[in-house]
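Here's data-v5.cif, which has mmCIF, C-alpha atoms and all ligand atoms:
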data_start
#
loop_
_atom_site.label_atom_id
_atom_site.label_comp_id
_atom_site.auth_asym_id
_atom_site.auth_seq_id
_atom_site.Cartn_x
_atom_site.Cartn_y
_atom_site.Cartn_z
CA MET A 1 30.28 -8.96 7.51
CA SER A 2 30.88 -6.69 10.50
CA THR A 3 28.43 -3.90 9.60
CA TYR A 4 24.97 -3.65 8.06
CA LYS A 5 23.20 -0.82 6.23
CA CYS A 6 20.26 1.11 7.53
CA ILE A 7 18.60 4.35 6.39
CA THR A 8 17.64 7.10 8.82
CA LEU A 9 15.62 10.28 8.50
CA ALA A 10 18.07 13.19 8.14
CA GLU A 11 15.63 16.10 7.67
CA ARG A 12 11.93 16.66 7.12
CA PRO A 13 11.11 17.52 3.49
CA LYS A 14 8.93 20.58 2.89
CA ALA A 15 7.50 19.28 -0.40
CA ASP A 16 9.08 16.49 -2.50
CA ILE A 17 11.53 14.08 -0.88
CA ILE A 18 15.14 14.78 -1.92
CA PRO A 19 16.73 11.33 -1.51
CA ASP A 20 20.23 12.28 -0.32
CA LYS A 21 19.03 15.21 1.84
CA THR A 22 15.91 13.64 3.38
CA PHE A 23 17.60 10.33 4.21
CA LYS A 24 21.02 9.20 5.36
CA ILE A 25 22.55 5.78 4.67
CA GLU A 26 24.44 4.51 7.72
CA GLU A 27 26.61 1.49 8.50
CA ARG A 28 26.09 0.03 11.99
CA PRO A 29 27.80 -2.90 13.74
CA VAL A 30 26.07 -6.25 13.17
CA PRO A 31 24.16 -7.27 16.32
CA LYS A 32 25.52 -10.33 18.13
CA GLU A 33 23.33 -13.28 19.02
CA SER A 34 24.85 -13.18 22.51
CA ASP A 35 23.45 -9.65 23.02
CA LEU A 36 19.82 -10.70 22.40
CA GLN A 37 17.39 -10.34 25.30
CA ASP A 38 14.68 -12.93 25.96
CA GLY A 39 11.94 -12.64 23.31
CA GLU A 40 14.20 -10.93 20.77
CA VAL A 41 15.32 -12.13 17.35
CA ILE A 42 17.69 -10.92 14.66
CA LEU A 43 15.74 -10.50 11.43
CA GLU A 44 17.52 -10.39 8.08
CA ASN A 45 15.24 -8.41 5.77
CA LEU A 46 14.61 -9.68 2.24
CA TYR A 47 12.04 -7.19 0.93
CA LEU A 48 10.98 -3.69 1.98
CA SER A 49 7.56 -2.32 1.10
CA LEU A 50 7.47 1.22 -0.30
CA ASP A 51 4.21 2.97 0.56
CA PRO A 52 2.71 6.38 -0.26
CA ALA A 53 1.94 6.86 3.45
CA MET A 54 5.68 7.10 4.12
CA ARG A 55 5.61 10.73 2.99
CA GLY A 56 3.06 11.52 5.73
CA TRP A 57 5.23 9.84 8.39
CA LEU A 58 7.95 12.42 7.64
CA ASN A 59 5.71 15.34 8.65
CA ASP A 60 5.73 16.50 12.26
CA THR A 61 1.92 16.56 12.48
CA ARG A 62 -0.83 14.65 14.30
CA SER A 63 -1.86 11.50 12.41
CA TYR A 64 -2.71 7.82 12.97
CA LEU A 65 0.98 7.08 13.74
CA PRO A 66 3.58 9.37 15.32
CA PRO A 67 6.07 10.97 12.92
CA VAL A 68 9.42 9.25 12.33
CA GLU A 69 11.95 11.07 14.51
CA ILE A 70 14.98 12.77 12.98
CA GLY A 71 17.90 10.34 13.24
CA ALA A 72 15.63 7.29 13.60
CA ILE A 73 15.58 4.37 11.16
CA MET A 74 12.88 5.06 8.58
CA ARG A 75 9.67 3.13 9.35
CA GLY A 76 8.63 0.46 6.84
CA ALA A 77 7.12 -3.00 6.50
CA THR A 78 9.54 -5.80 5.65
CA VAL A 79 9.61 -9.53 5.23
CA GLY A 80 12.73 -11.39 6.24
CA ARG A 81 14.24 -14.52 7.74
CA ILE A 82 15.06 -15.02 11.37
CA GLN A 83 18.83 -15.28 11.67
CA ALA A 84 19.09 -15.82 15.42
CA SER A 85 16.42 -16.17 18.07
CA LYS A 86 15.91 -15.95 21.81
CA SER A 87 12.16 -16.37 21.36
CA SER A 88 10.21 -19.58 21.82
CA ASP A 89 7.90 -18.48 18.97
CA PHE A 90 10.55 -18.16 16.23
CA LYS A 91 13.49 -20.26 15.14
CA PRO A 92 16.33 -19.45 12.73
CA GLY A 93 15.16 -19.77 9.11
CA ASP A 94 11.54 -18.80 9.86
CA LEU A 95 10.01 -16.22 7.56
CA ALA A 96 8.46 -13.24 9.36
CA SER A 97 7.01 -9.85 8.52
CA SER A 98 7.62 -6.81 10.67
CA ARG A 99 7.77 -3.05 10.74
CA ALA A 100 11.54 -3.34 11.20
CA GLY A 101 12.09 -0.39 8.87
CA TRP A 102 14.70 0.49 6.30
CA ALA A 103 17.50 -1.79 7.47
CA GLU A 104 19.29 -4.92 6.29
CA LEU A 105 19.20 -6.38 9.79
CA ALA A 106 17.07 -5.60 12.82
CA VAL A 107 16.77 -6.76 16.40
CA VAL A 108 13.00 -7.20 16.84
CA LYS A 109 10.81 -8.28 19.75
CA ASP A 110 8.73 -11.36 18.93
CA LYS A 111 5.50 -9.48 19.78
CA GLU A 112 6.28 -7.10 16.91
CA LEU A 113 6.75 -9.93 14.40
CA LYS A 114 4.22 -11.92 12.41
CA LYS A 115 5.10 -15.43 11.32
CA VAL A 116 4.60 -15.87 7.58
CA ASP A 117 3.06 -19.18 6.56
CA LEU A 118 2.90 -18.99 2.80
CA PRO A 119 0.19 -20.92 0.96
CA THR A 120 1.32 -23.37 -1.76
CA GLY A 121 2.81 -21.56 -4.74
CA ALA A 122 3.38 -18.31 -2.85
CA ARG A 123 6.79 -16.65 -2.44
CA PRO A 124 8.34 -14.50 0.32
CA SER A 125 7.60 -11.18 -1.44
CA ASP A 126 3.88 -12.07 -1.34
CA ALA A 127 3.92 -11.44 2.42
CA ILE A 128 4.16 -7.70 1.72
CA GLY A 129 2.67 -7.99 -1.78
CA VAL A 130 -0.54 -9.76 -2.73
CA LEU A 131 -0.93 -11.19 0.80
CA GLY A 132 0.14 -7.98 2.52
CA ALA A 133 -1.31 -4.77 3.91
CA THR A 134 -2.35 -3.15 0.63
CA THR A 135 -4.48 -6.15 -0.31
CA LEU A 136 -6.03 -6.13 3.17
CA THR A 137 -6.71 -2.40 2.67
CA ALA A 138 -8.53 -3.14 -0.58
CA TYR A 139 -10.44 -6.04 0.99
CA PHE A 140 -11.71 -4.28 4.12
CA GLY A 141 -12.07 -0.87 2.49
CA LEU A 142 -14.23 -2.20 -0.31
CA LEU A 143 -16.19 -4.90 1.52
CA GLU A 144 -16.68 -3.24 4.93
CA ILE A 145 -16.74 0.48 4.13
CA GLY A 146 -17.99 0.24 0.52
CA GLN A 147 -20.62 -2.49 1.15
CA PRO A 148 -20.77 -3.56 -2.52
CA LYS A 149 -23.86 -5.19 -4.00
CA LYS A 150 -23.96 -7.22 -7.23
CA GLY A 151 -24.27 -4.87 -10.22
CA ASP A 152 -22.96 -1.79 -8.36
CA LEU A 153 -20.79 0.60 -10.37
CA ILE A 154 -17.45 0.97 -8.57
CA VAL A 155 -14.99 3.66 -9.61
CA VAL A 156 -11.47 3.19 -8.27
CA SER A 157 -8.62 5.68 -8.62
CA GLY A 158 -4.96 4.71 -8.38
CA ALA A 159 -6.34 1.55 -9.95
CA ALA A 160 -3.10 0.04 -11.29
CA GLY A 161 -1.36 0.32 -7.93
CA ALA A 162 -1.15 -2.21 -5.12
CA THR A 163 -4.38 -1.25 -3.38
CA GLY A 164 -6.38 -0.12 -6.40
CA SER A 165 -5.70 -3.20 -8.53
CA LEU A 166 -7.03 -5.41 -5.73
CA VAL A 167 -10.09 -3.19 -5.26
CA ALA A 168 -10.83 -3.66 -8.96
CA GLN A 169 -10.35 -7.43 -8.81
CA ILE A 170 -12.33 -7.96 -5.60
CA GLY A 171 -15.09 -5.74 -7.00
CA LEU A 172 -15.27 -7.96 -10.09
CA ILE A 173 -15.33 -11.12 -7.94
CA LYS A 174 -18.33 -9.61 -6.11
CA GLY A 175 -20.20 -9.13 -9.40
CA CYS A 176 -19.78 -5.36 -9.61
CA ARG A 177 -19.01 -3.24 -12.66
CA VAL A 178 -15.64 -1.51 -12.35
CA VAL A 179 -14.38 1.71 -13.90
CA ALA A 180 -10.65 2.08 -13.24
CA ILE A 181 -8.52 5.23 -13.35
CA ALA A 182 -4.73 5.18 -13.77
CA GLY A 183 -1.96 7.33 -15.17
CA ALA A 184 -0.55 5.39 -18.15
CA GLU A 185 -1.80 3.53 -21.22
CA ASP A 186 -0.09 0.24 -20.33
CA LYS A 187 -1.66 0.39 -16.86
CA CYS A 188 -5.09 0.95 -18.41
CA ALA A 189 -4.57 -1.94 -20.83
CA TRP A 190 -3.81 -4.30 -17.90
CA LEU A 191 -6.90 -3.10 -16.01
CA LYS A 192 -9.06 -3.84 -19.06
CA GLU A 193 -7.50 -7.32 -19.25
CA LEU A 194 -8.52 -7.86 -15.63
CA GLY A 195 -12.14 -7.26 -16.65
CA CYS A 196 -12.79 -3.58 -15.85
CA GLU A 197 -15.48 -2.24 -18.18
CA ALA A 198 -13.49 0.98 -18.65
CA ALA A 199 -9.95 2.01 -17.74
CA LEU A 200 -9.31 5.72 -18.12
CA ASN A 201 -6.00 7.56 -18.21
CA TYR A 202 -6.40 10.66 -16.02
CA LYS A 203 -3.49 12.31 -17.89
CA ASP A 204 -5.49 12.26 -21.14
CA PRO A 205 -6.67 15.83 -22.00
CA ASP A 206 -10.12 14.37 -22.68
CA PHE A 207 -10.31 12.54 -19.31
CA ALA A 208 -13.23 14.51 -17.81
CA THR A 209 -15.42 13.81 -20.86
CA GLN A 210 -14.46 10.12 -20.87
CA PHE A 211 -15.18 9.94 -17.14
CA LYS A 212 -18.65 11.40 -17.59
CA ALA A 213 -19.43 8.86 -20.33
CA ALA A 214 -18.08 5.92 -18.29
CA THR A 215 -20.23 6.94 -15.29
CA LYS A 216 -23.45 7.65 -17.18
CA ASP A 217 -25.28 5.33 -14.72
CA LEU A 218 -23.73 7.26 -11.80
CA ILE A 219 -21.35 5.89 -9.18
CA ASP A 220 -22.45 3.53 -6.38
CA ILE A 221 -19.00 3.24 -4.78
CA TYR A 222 -16.00 5.50 -5.24
CA PHE A 223 -12.80 4.04 -3.78
CA ASP A 224 -10.48 7.02 -3.44
CA ASN A 225 -6.74 6.50 -3.45
CA VAL A 226 -5.75 9.89 -4.83
CA GLY A 227 -7.98 12.79 -3.65
CA GLY A 228 -7.66 16.10 -5.51
CA GLU A 229 -9.32 16.72 -8.86
CA ILE A 230 -10.33 13.09 -9.43
CA LEU A 231 -12.23 13.07 -6.13
CA ASP A 232 -14.00 16.24 -7.27
CA LEU A 233 -15.01 14.60 -10.52
CA ALA A 234 -16.27 11.52 -8.69
CA LEU A 235 -18.36 13.71 -6.38
CA SER A 236 -19.97 15.28 -9.43
CA ARG A 237 -21.04 11.80 -10.67
CA ALA A 238 -22.19 10.28 -7.34
CA LYS A 239 -25.50 8.43 -7.17
CA PRO A 240 -27.87 9.24 -4.28
CA PHE A 241 -26.84 7.22 -1.18
CA SER A 242 -23.50 6.22 -2.74
CA ARG A 243 -20.51 5.26 -0.59
CA PHE A 244 -17.17 7.06 -0.83
CA VAL A 245 -14.38 4.92 0.62
CA MET A 246 -11.67 7.38 1.64
CA CYS A 247 -8.47 5.34 1.53
CA GLY A 248 -5.75 7.74 0.39
CA ALA A 249 -5.01 11.10 -1.21
CA ILE A 250 -1.64 10.62 -2.91
CA SER A 251 -2.11 13.66 -5.20
CA ASN A 252 -1.76 15.85 -2.10
CA TYR A 253 1.00 14.07 -0.15
CA ASN A 254 3.91 16.10 -1.52
CA ASN A 255 1.91 19.31 -1.81
CA PRO A 256 2.75 21.85 0.92
CA ASN A 257 -0.64 23.50 0.21
CA PRO A 258 -3.07 20.58 -0.22
CA VAL A 259 -6.41 21.39 -1.81
CA GLY A 260 -9.79 20.19 -0.56
CA PRO A 261 -12.66 19.03 -2.77
CA LYS A 262 -14.68 21.86 -4.37
CA ASN A 263 -17.72 19.62 -4.86
CA ILE A 264 -18.03 18.65 -1.17
CA SER A 265 -21.66 19.89 -1.08
CA MET A 266 -22.55 16.86 -3.27
CA VAL A 267 -22.14 14.82 -0.05
CA ILE A 268 -25.29 16.59 1.15
CA ALA A 269 -27.19 16.75 -2.13
CA MET A 270 -26.60 13.04 -2.90
CA ARG A 271 -26.63 11.87 0.77
CA ILE A 272 -23.20 10.29 0.21
CA ARG A 273 -21.71 8.23 3.03
CA MET A 274 -18.06 9.26 2.95
CA GLN A 275 -15.86 7.34 5.38
CA GLY A 276 -12.15 7.17 5.95
CA PHE A 277 -10.43 4.14 7.44
CA ILE A 278 -6.99 2.79 8.28
CA VAL A 279 -6.35 -0.88 7.54
CA PHE A 280 -5.11 -1.40 11.13
CA ASP A 281 -8.76 -0.93 12.23
CA PHE A 282 -9.33 -4.48 10.98
CA ALA A 283 -6.18 -6.08 12.45
CA ASP A 284 -8.11 -8.71 14.41
CA ARG A 285 -9.70 -9.92 11.15
CA TYR A 286 -6.58 -10.15 8.93
CA HIS A 287 -6.43 -13.94 9.24
CA GLU A 288 -10.01 -14.42 8.03
CA ALA A 289 -9.33 -12.13 5.04
CA LEU A 290 -6.05 -13.86 4.14
CA VAL A 291 -7.76 -17.26 4.04
CA GLU A 292 -10.22 -15.94 1.43
CA ILE A 293 -7.60 -13.97 -0.51
CA SER A 294 -5.23 -16.99 -0.64
CA LYS A 295 -8.09 -19.08 -2.01
CA TRP A 296 -8.83 -16.49 -4.73
CA LEU A 297 -5.10 -16.42 -5.58
CA SER A 298 -4.85 -20.21 -5.87
CA GLU A 299 -8.04 -20.32 -7.98
CA GLY A 300 -6.61 -17.71 -10.35
CA LYS A 301 -9.38 -15.23 -9.49
CA ILE A 302 -6.86 -12.55 -8.53
CA GLN A 303 -3.55 -11.76 -10.14
CA ARG A 304 -0.43 -10.74 -8.27
CA LYS A 305 1.62 -7.93 -9.80
CA GLU A 306 4.83 -6.65 -8.26
CA HIS A 307 7.37 -4.04 -9.21
CA ILE A 308 10.54 -5.11 -7.43
CA ILE A 309 13.46 -2.67 -7.35
CA LYS A 310 16.74 -4.60 -7.29
CA GLY A 311 20.10 -3.38 -6.08
CA GLY A 312 19.69 -3.42 -2.32
CA LEU A 313 18.42 -1.19 0.47
CA GLN A 314 20.25 1.89 -0.87
CA LYS A 315 17.70 1.99 -3.73
CA ALA A 316 14.84 2.75 -1.30
CA PRO A 317 15.02 6.59 -1.15
CA GLN A 318 14.90 7.03 -4.94
CA GLY A 319 12.33 4.23 -5.18
CA LEU A 320 10.03 6.12 -2.83
CA VAL A 321 10.36 9.28 -4.91
CA ASP A 322 9.53 7.26 -8.03
CA LEU A 323 6.41 5.83 -6.36
CA TYR A 324 4.80 9.29 -6.44
CA LYS A 325 5.72 9.50 -10.14
CA GLY A 326 3.83 6.28 -10.86
CA ILE A 327 6.82 3.99 -11.62
CA ASN A 328 4.90 0.94 -10.44
CA THR A 329 2.14 -1.31 -11.68
CA GLY A 330 1.06 -3.41 -8.69
CA LYS A 331 3.00 -3.50 -5.43
CA LEU A 332 6.27 -1.56 -5.23
CA MET A 333 9.03 -3.03 -3.08
CA VAL A 334 12.81 -3.10 -2.77
CA GLU A 335 14.72 -6.37 -2.80
CA ILE A 336 17.13 -6.01 0.10
CA LYS A 337 18.56 -9.49 -0.25
CA SER A 338 17.94 -12.08 -2.96
CA GLU A 339 17.25 -15.66 -1.95
CA GLY A 340 17.32 -16.74 -5.57
CA ALA A 341 14.26 -17.73 -7.56
CA ARG A 342 11.67 -19.63 -5.49
CA LEU A 343 8.14 -20.68 -6.04
N1 LIG A 401 -6.18 3.81 4.56
C1 LIG A 401 -5.25 2.86 4.63
O1 LIG A 401 -5.15 2.09 5.58
C2 LIG A 401 -4.29 2.71 3.48
C3 LIG A 401 -3.42 1.60 3.40
C4 LIG A 401 -2.58 1.48 2.29
C5 LIG A 401 -2.58 2.47 1.31
N2 LIG A 401 -3.42 3.55 1.45
C6 LIG A 401 -3.48 4.59 0.43
O2 LIG A 401 -3.91 4.00 -0.77
C7 LIG A 401 -3.33 4.70 -1.88
C8 LIG A 401 -2.60 3.69 -2.76
O3 LIG A 401 -1.51 3.17 -2.03
P1 LIG A 401 -0.65 1.95 -2.58
O4 LIG A 401 0.27 1.55 -1.51
O5 LIG A 401 -1.55 0.94 -3.18
O6 LIG A 401 0.23 2.66 -3.71
P2 LIG A 401 0.20 2.39 -5.25
O7 LIG A 401 -1.20 2.69 -5.74
O8 LIG A 401 0.78 1.07 -5.55
O9 LIG A 401 1.20 3.47 -5.84
C9 LIG A 401 0.87 4.80 -5.89
C10 LIG A 401 0.29 5.17 -7.28
O10 LIG A 401 -0.41 6.41 -7.16
C11 LIG A 401 -0.50 7.00 -8.43
N3 LIG A 401 -0.33 8.46 -8.30
C12 LIG A 401 0.76 9.15 -7.93
N4 LIG A 401 0.53 10.47 -7.94
C13 LIG A 401 -0.75 10.63 -8.35
C14 LIG A 401 -1.58 11.75 -8.59
N5 LIG A 401 -1.14 13.00 -8.40
N6 LIG A 401 -2.85 11.54 -9.02
C15 LIG A 401 -3.30 10.30 -9.23
N7 LIG A 401 -2.56 9.17 -9.01
C16 LIG A 401 -1.30 9.34 -8.58
C17 LIG A 401 0.63 6.42 -9.28
O11 LIG A 401 0.06 5.69 -10.37
P3 LIG A 401 -0.46 6.43 -11.69
O12 LIG A 401 0.52 6.07 -12.77
O13 LIG A 401 -1.80 5.82 -11.91
O14 LIG A 401 -0.48 7.90 -11.44
C18 LIG A 401 1.34 5.45 -8.33
O15 LIG A 401 1.76 4.28 -8.97
C19 LIG A 401 -2.43 5.78 -1.30
O16 LIG A 401 -3.13 6.99 -1.26
C20 LIG A 401 -2.17 5.27 0.11
O17 LIG A 401 -1.84 6.31 1.00
C21 LIG A 401 -4.25 3.68 2.51
#
What's the structure tokens form of this structure?
Amino acid sequence: MSTYKCITLAERPKADIIPDKTFKIEERPVPKESDLQDGEVILENLYLSLDPAMRGWLNDTRSYLPPVEIGAIMRGATVGRIQASKSSDFKPGDLASSRAGWAELAVVKDKELKKVDLPTGARPSDAIGVLGATTLTAYFGLLEIGQPKKGDLIVVSGAAGATGSLVAQIGLIKGCRVVAIAGAEDKCAWLKELGCEAALNYKDPDFATQFKAATKDLIDIYFDNVGGEILDLALSRAKPFSRFVMCGAISNYNNPNPVGPKNISMVIAMRIRMQGFIVFDFADRYHEALVEISKWLSEGKIQRKEHIIKGGLQKAPQGLVDLYKGINTGKLMVEIKSEGARL
């Protein structure tokens, strides 16, 4: 193999991503081991995480990360194997996660890599799946920002997705009652199986009435993954001194004219503590969280669910578009290279 594939940003979308206009698939020469500088490795990516936040990284606006530049490799979290190394911290064959981006191969500095030590029974995709950033987002968002107490009523939107499904499961572990919201009947059925006391399909014409009934005791914690109309409904059902964990607003990401909540004055009337966060805020505590999450996984207290798109890196642009259409239950990722079945 003399070239490898990577995907760059060709133009900034104004609303929805148009796969073959927004992105460009390129072939670049394979890096040579002899060209590595001290501290660098060649990483062969196995899985690429697809994340709603990627749409925001395409906008040329101020945010928690700078926008991806036109012509640059699209940013993204991956897990892969070290192919060659000039680092004392990594050797060929090691598994590592990185933000190497949408590429089959990447030259990465060791400081930008995280060694992946999988617990027994785990598999490489877990590093960006159940043991990855979305689970950490659920963990710190719920436990640190939400401050759950036994018996609290948690409402979580985007509940069948990577972050939301872990919020629901961690909430249940903590002895809370969970009302889940998702966009399909099969997603709601899975959320009920997990132990949620209600799982409501927001596409049902009767959703607002069902939501009111499911929150008759009023909401202690609302974990918001979607913003928009569902956030408005949650505000209307907030308990005094409730906590609103502002994690994401996917309903607005592709909207060139995003709408704000109409019921924002409920924050005052109900003395709601509404706080946004970015998972990176807790980076120095990831290890502590992963020890607890790995234990829950091995004890069967949390379930992993992945939607893996096969067919290689070139499937990523359409996969990202499909993420906003709700293709996934659990964590969405692209298999860049198969290592065969492992457990
Ligand atoms: N603050 C942080 O540090 C942080 C970190 C990671 C993720 N996030 C945020 O958390 C949220 C979930 O991210 P994720 O990675 O776990 O993705 P995900 O939930 O696995 O996937 C996105 C899901 O959003 C739902 N969705 C799409 N459009 C929607 C709409 N208009 N209204 C309601 N739901 C819609 C879809 O499911 P349905 O079928 O249910 O519609 C889709 O499957 C996103 O908003 C993301 O930006 C924040």
field: Close residues to ligand LIG 401 (chain A) using only C-alpha atoms and all ligand atoms, limit 6 Å, as a VMD selection string
entry: chain A and resid 51 to 53 134 137 158 160 to 164 182 to 184 225 to 226 247 to 251 277 to 279 323 to 328 330 to 331
Writer output for current selection, C-alpha atoms, as an mmCIF file, in the coordinates of the input:
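result_27.cif was written with the following content:
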data_model
loop_
_atom_site.group_PDB
_atom_site.id
_atom_site.type_symbol
_atom_site.label_atom_id
_atom_site.label_comp_id
_atom_site.auth_asym_id
_atom_site.auth_seq_id
_atom_site.Cartn_x
_atom_site.Cartn_y
_atom_site.Cartn_z
ATOM 1 C CA ASP A 51 4.210 2.970 0.560
ATOM 2 C CA PRO A 52 2.710 6.380 -0.260
ATOM 3 C CA ALA A 53 1.940 6.860 3.450
ATOM 4 C CA THR A 134 -2.350 -3.150 0.630
ATOM 5 C CA THR A 137 -6.710 -2.400 2.670
ATOM 6 C CA GLY A 158 -4.960 4.710 -8.380
ATOM 7 C CA ALA A 160 -3.100 0.040 -11.290
ATOM 8 C CA GLY A 161 -1.360 0.320 -7.930
ATOM 9 C CA ALA A 162 -1.150 -2.210 -5.120
ATOM 10 C CA THR A 163 -4.380 -1.250 -3.380
ATOM 11 C CA GLY A 164 -6.380 -0.120 -6.400
ATOM 12 C CA ALA A 182 -4.730 5.180 -13.770
ATOM 13 C CA GLY A 183 -1.960 7.330 -15.170
ATOM 14 C CA ALA A 184 -0.550 5.390 -18.150
ATOM 15 C CA ASN A 225 -6.740 6.500 -3.450
ATOM 16 C CA VAL A 226 -5.750 9.890 -4.830
ATOM 17 C CA CYS A 247 -8.470 5.340 1.530
ATOM 18 C CA GLY A 248 -5.750 7.740 0.390
ATOM 19 C CA ALA A 249 -5.010 11.100 -1.210
ATOM 20 C CA ILE A 250 -1.640 10.620 -2.910
ATOM 21 C CA SER A 251 -2.110 13.660 -5.200
ATOM 22 C CA PHE A 277 -10.430 4.140 7.440
ATOM 23 C CA ILE A 278 -6.990 2.790 8.280
ATOM 24 C CA VAL A 279 -6.350 -0.880 7.540
ATOM 25 C CA LEU A 323 6.410 5.830 -6.360
ATOM 26 C CA TYR A 324 4.800 9.290 -6.440
ATOM 27 C CA LYS A 325 5.720 9.500 -10.140
ATOM 28 C CA GLY A 326 3.830 6.280 -10.860
ATOM 29 C CA ILE A 327 6.820 3.990 -11.620
ATOM 30 C CA ASN A 328 4.900 0.940 -10.440
ATOM 31 C CA GLY A 330 1.060 -3.410 -8.690
ATOM 32 C CA LYS A 331 3.000 -3.500 -5.430
#
Could you list, as a short mmCIF file (atom, residue, chain, number, x, y, z; two decimals) with C-alpha atoms, keeping the file's coordinate frame, every residue within 12 Å of A:Val334, counting all atoms listed in the file and ignoring same-chain residues fewer than 2 positions away?
data_model
loop_
_atom_site.label_atom_id
_atom_site.label_comp_id
_atom_site.auth_asym_id
_atom_site.auth_seq_id
_atom_site.Cartn_x
_atom_site.Cartn_y
_atom_site.Cartn_z
CA ASN A 45 15.24 -8.41 5.77
CA LEU A 46 14.61 -9.68 2.24
CA TYR A 47 12.04 -7.19 0.93
CA LEU A 48 10.98 -3.69 1.98
CA SER A 49 7.56 -2.32 1.10
CA LEU A 50 7.47 1.22 -0.30
CA ASP A 51 4.21 2.97 0.56
CA GLY A 76 8.63 0.46 6.84
CA ALA A 77 7.12 -3.00 6.50
CA THR A 78 9.54 -5.80 5.65
CA VAL A 79 9.61 -9.53 5.23
CA GLY A 101 12.09 -0.39 8.87
CA TRP A 102 14.70 0.49 6.30
CA ALA A 103 17.50 -1.79 7.47
CA GLU A 104 19.29 -4.92 6.29
CA SER A 125 7.60 -11.18 -1.44
CA ILE A 128 4.16 -7.70 1.72
CA GLY A 129 2.67 -7.99 -1.78
CA GLU A 306 4.83 -6.65 -8.26
CA HIS A 307 7.37 -4.04 -9.21
CA ILE A 308 10.54 -5.11 -7.43
CA ILE A 309 13.46 -2.67 -7.35
CA LYS A 310 16.74 -4.60 -7.29
CA GLY A 311 20.10 -3.38 -6.08
CA GLY A 312 19.69 -3.42 -2.32
CA LEU A 313 18.42 -1.19 0.47
CA GLN A 314 20.25 1.89 -0.87
CA LYS A 315 17.70 1.99 -3.73
CA ALA A 316 14.84 2.75 -1.30
CA PRO A 317 15.02 6.59 -1.15
CA GLN A 318 14.90 7.03 -4.94
CA GLY A 319 12.33 4.23 -5.18
CA LEU A 320 10.03 6.12 -2.83
CA LEU A 323 6.41 5.83 -6.36
CA ASN A 328 4.90 0.94 -10.44
CA LYS A 331 3.00 -3.50 -5.43
CA LEU A 332 6.27 -1.56 -5.23
CA ILE A 336 17.13 -6.01 0.10
CA LYS A 337 18.56 -9.49 -0.25
CA SER A 338 17.94 -12.08 -2.96
#
query: Suppose you want the space between atom CA of A:Phe207 and atom CA of A:Met274; what is it in Å?
result: 23.8 Å
task: Fewer than 6 positions away in the same chain doesn't count, so skip those; otherwise give me all residues within 7 Å of A:Leu58, counting all atoms listed in the file, as number ranges by chain.
output: A: 12, 67-68
For the residues in that selection, give me C-alpha atoms as a PDB file, in the frame of the given file.
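The new file part_25.pdb reads:
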ATOM      1  CA  ARG A  12      11.930  16.660   7.120  1.00  0.00           C
ATOM      2  CA  PRO A  67       6.070  10.970  12.920  1.00  0.00           C
ATOM      3  CA  VAL A  68       9.420   9.250  12.330  1.00  0.00           C
TER       4      VAL A  68
END
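Taking atom CA of A:Leu191 and atom CA of A:Ser165 as endpoints, the distance between them is 7.6 Å.
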- request: Name the closest residue to A:Lys212 among the candidates A:Ala84, A:Val155, A:Gly228, A:Ala189; distances are taken between atoms, counting only C-alpha atoms.
  value: A:Val155
Which stretch 67-96 of chain A residues have any atom within 10 Å of an atom of stretch 24-39 of chain A, and for each, what is the nearest pair of atoms with distance in Å to one decimal, counting all atoms listed in the file, rows sorted by chain and number, as a Markdown table?
| residue | atom | partner | partner_atom | distance |
| --- | --- | --- | --- | --- |
| A:Gly71 | CA | A:Lys24 | CA | 8.6 |
| A:Ile73 | CA | A:Lys24 | CA | 9.3 |
| A:Met74 | CA | A:Lys24 | CA | 9.7 |
| A:Gln83 | CA | A:Glu33 | CA | 8.8 |
| A:Ala84 | CA | A:Glu33 | CA | 6.1 |
| A:Ser85 | CA | A:Glu33 | CA | 7.6 |
| A:Lys86 | CA | A:Asp38 | CA | 5.3 |
| A:Ser87 | CA | A:Gly39 | CA | 4.2 |
| A:Ser88 | CA | A:Gly39 | CA | 7.3 |
| A:Asp89 | CA | A:Gly39 | CA | 8.3 |
| A:Phe90 | CA | A:Gly39 | CA | 9.1 |
Residues within 6 Å of (-9.6, 1.9, -17.8), counting all atoms listed in the file, listed as a compact mmCIF listing (two decimals) with C-alpha atoms, in the frame of the given file:
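The file below, selection.txt, is the result:
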# COMPACT_ATOMS: atom_id res chain seq x y z
CA ALA A 180 -10.65 2.08 -13.24
CA ILE A 181 -8.52 5.23 -13.35
CA CYS A 188 -5.09 0.95 -18.41
CA LEU A 191 -6.90 -3.10 -16.01
CA LYS A 192 -9.06 -3.84 -19.06
CA ALA A 198 -13.49 0.98 -18.65
CA ALA A 199 -9.95 2.01 -17.74
CA LEU A 200 -9.31 5.72 -18.12
Leaving out A:Ala122 and any residue of its chain fewer than 2 positions from it, which residues lie within 10 Å of it when counting only C-alpha atoms, given as a CSV table (one decimal) with C-alpha atoms, in the frame of the given file?
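Saved the output as part-v2.csv:
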chain,number,residue,atom,x,y,z
A,117,ASP,CA,3.1,-19.2,6.6
A,118,LEU,CA,2.9,-19.0,2.8
A,119,PRO,CA,0.2,-20.9,1.0
A,120,THR,CA,1.3,-23.4,-1.8
A,124,PRO,CA,8.3,-14.5,0.3
A,125,SER,CA,7.6,-11.2,-1.4
A,126,ASP,CA,3.9,-12.1,-1.3
A,127,ALA,CA,3.9,-11.4,2.4
A,130,VAL,CA,-0.5,-9.8,-2.7
A,131,LEU,CA,-0.9,-11.2,0.8
A,294,SER,CA,-5.2,-17.0,-0.6
A,297,LEU,CA,-5.1,-16.4,-5.6
A,298,SER,CA,-4.8,-20.2,-5.9
A,342,ARG,CA,11.7,-19.6,-5.5
A,343,LEU,CA,8.1,-20.7,-6.0
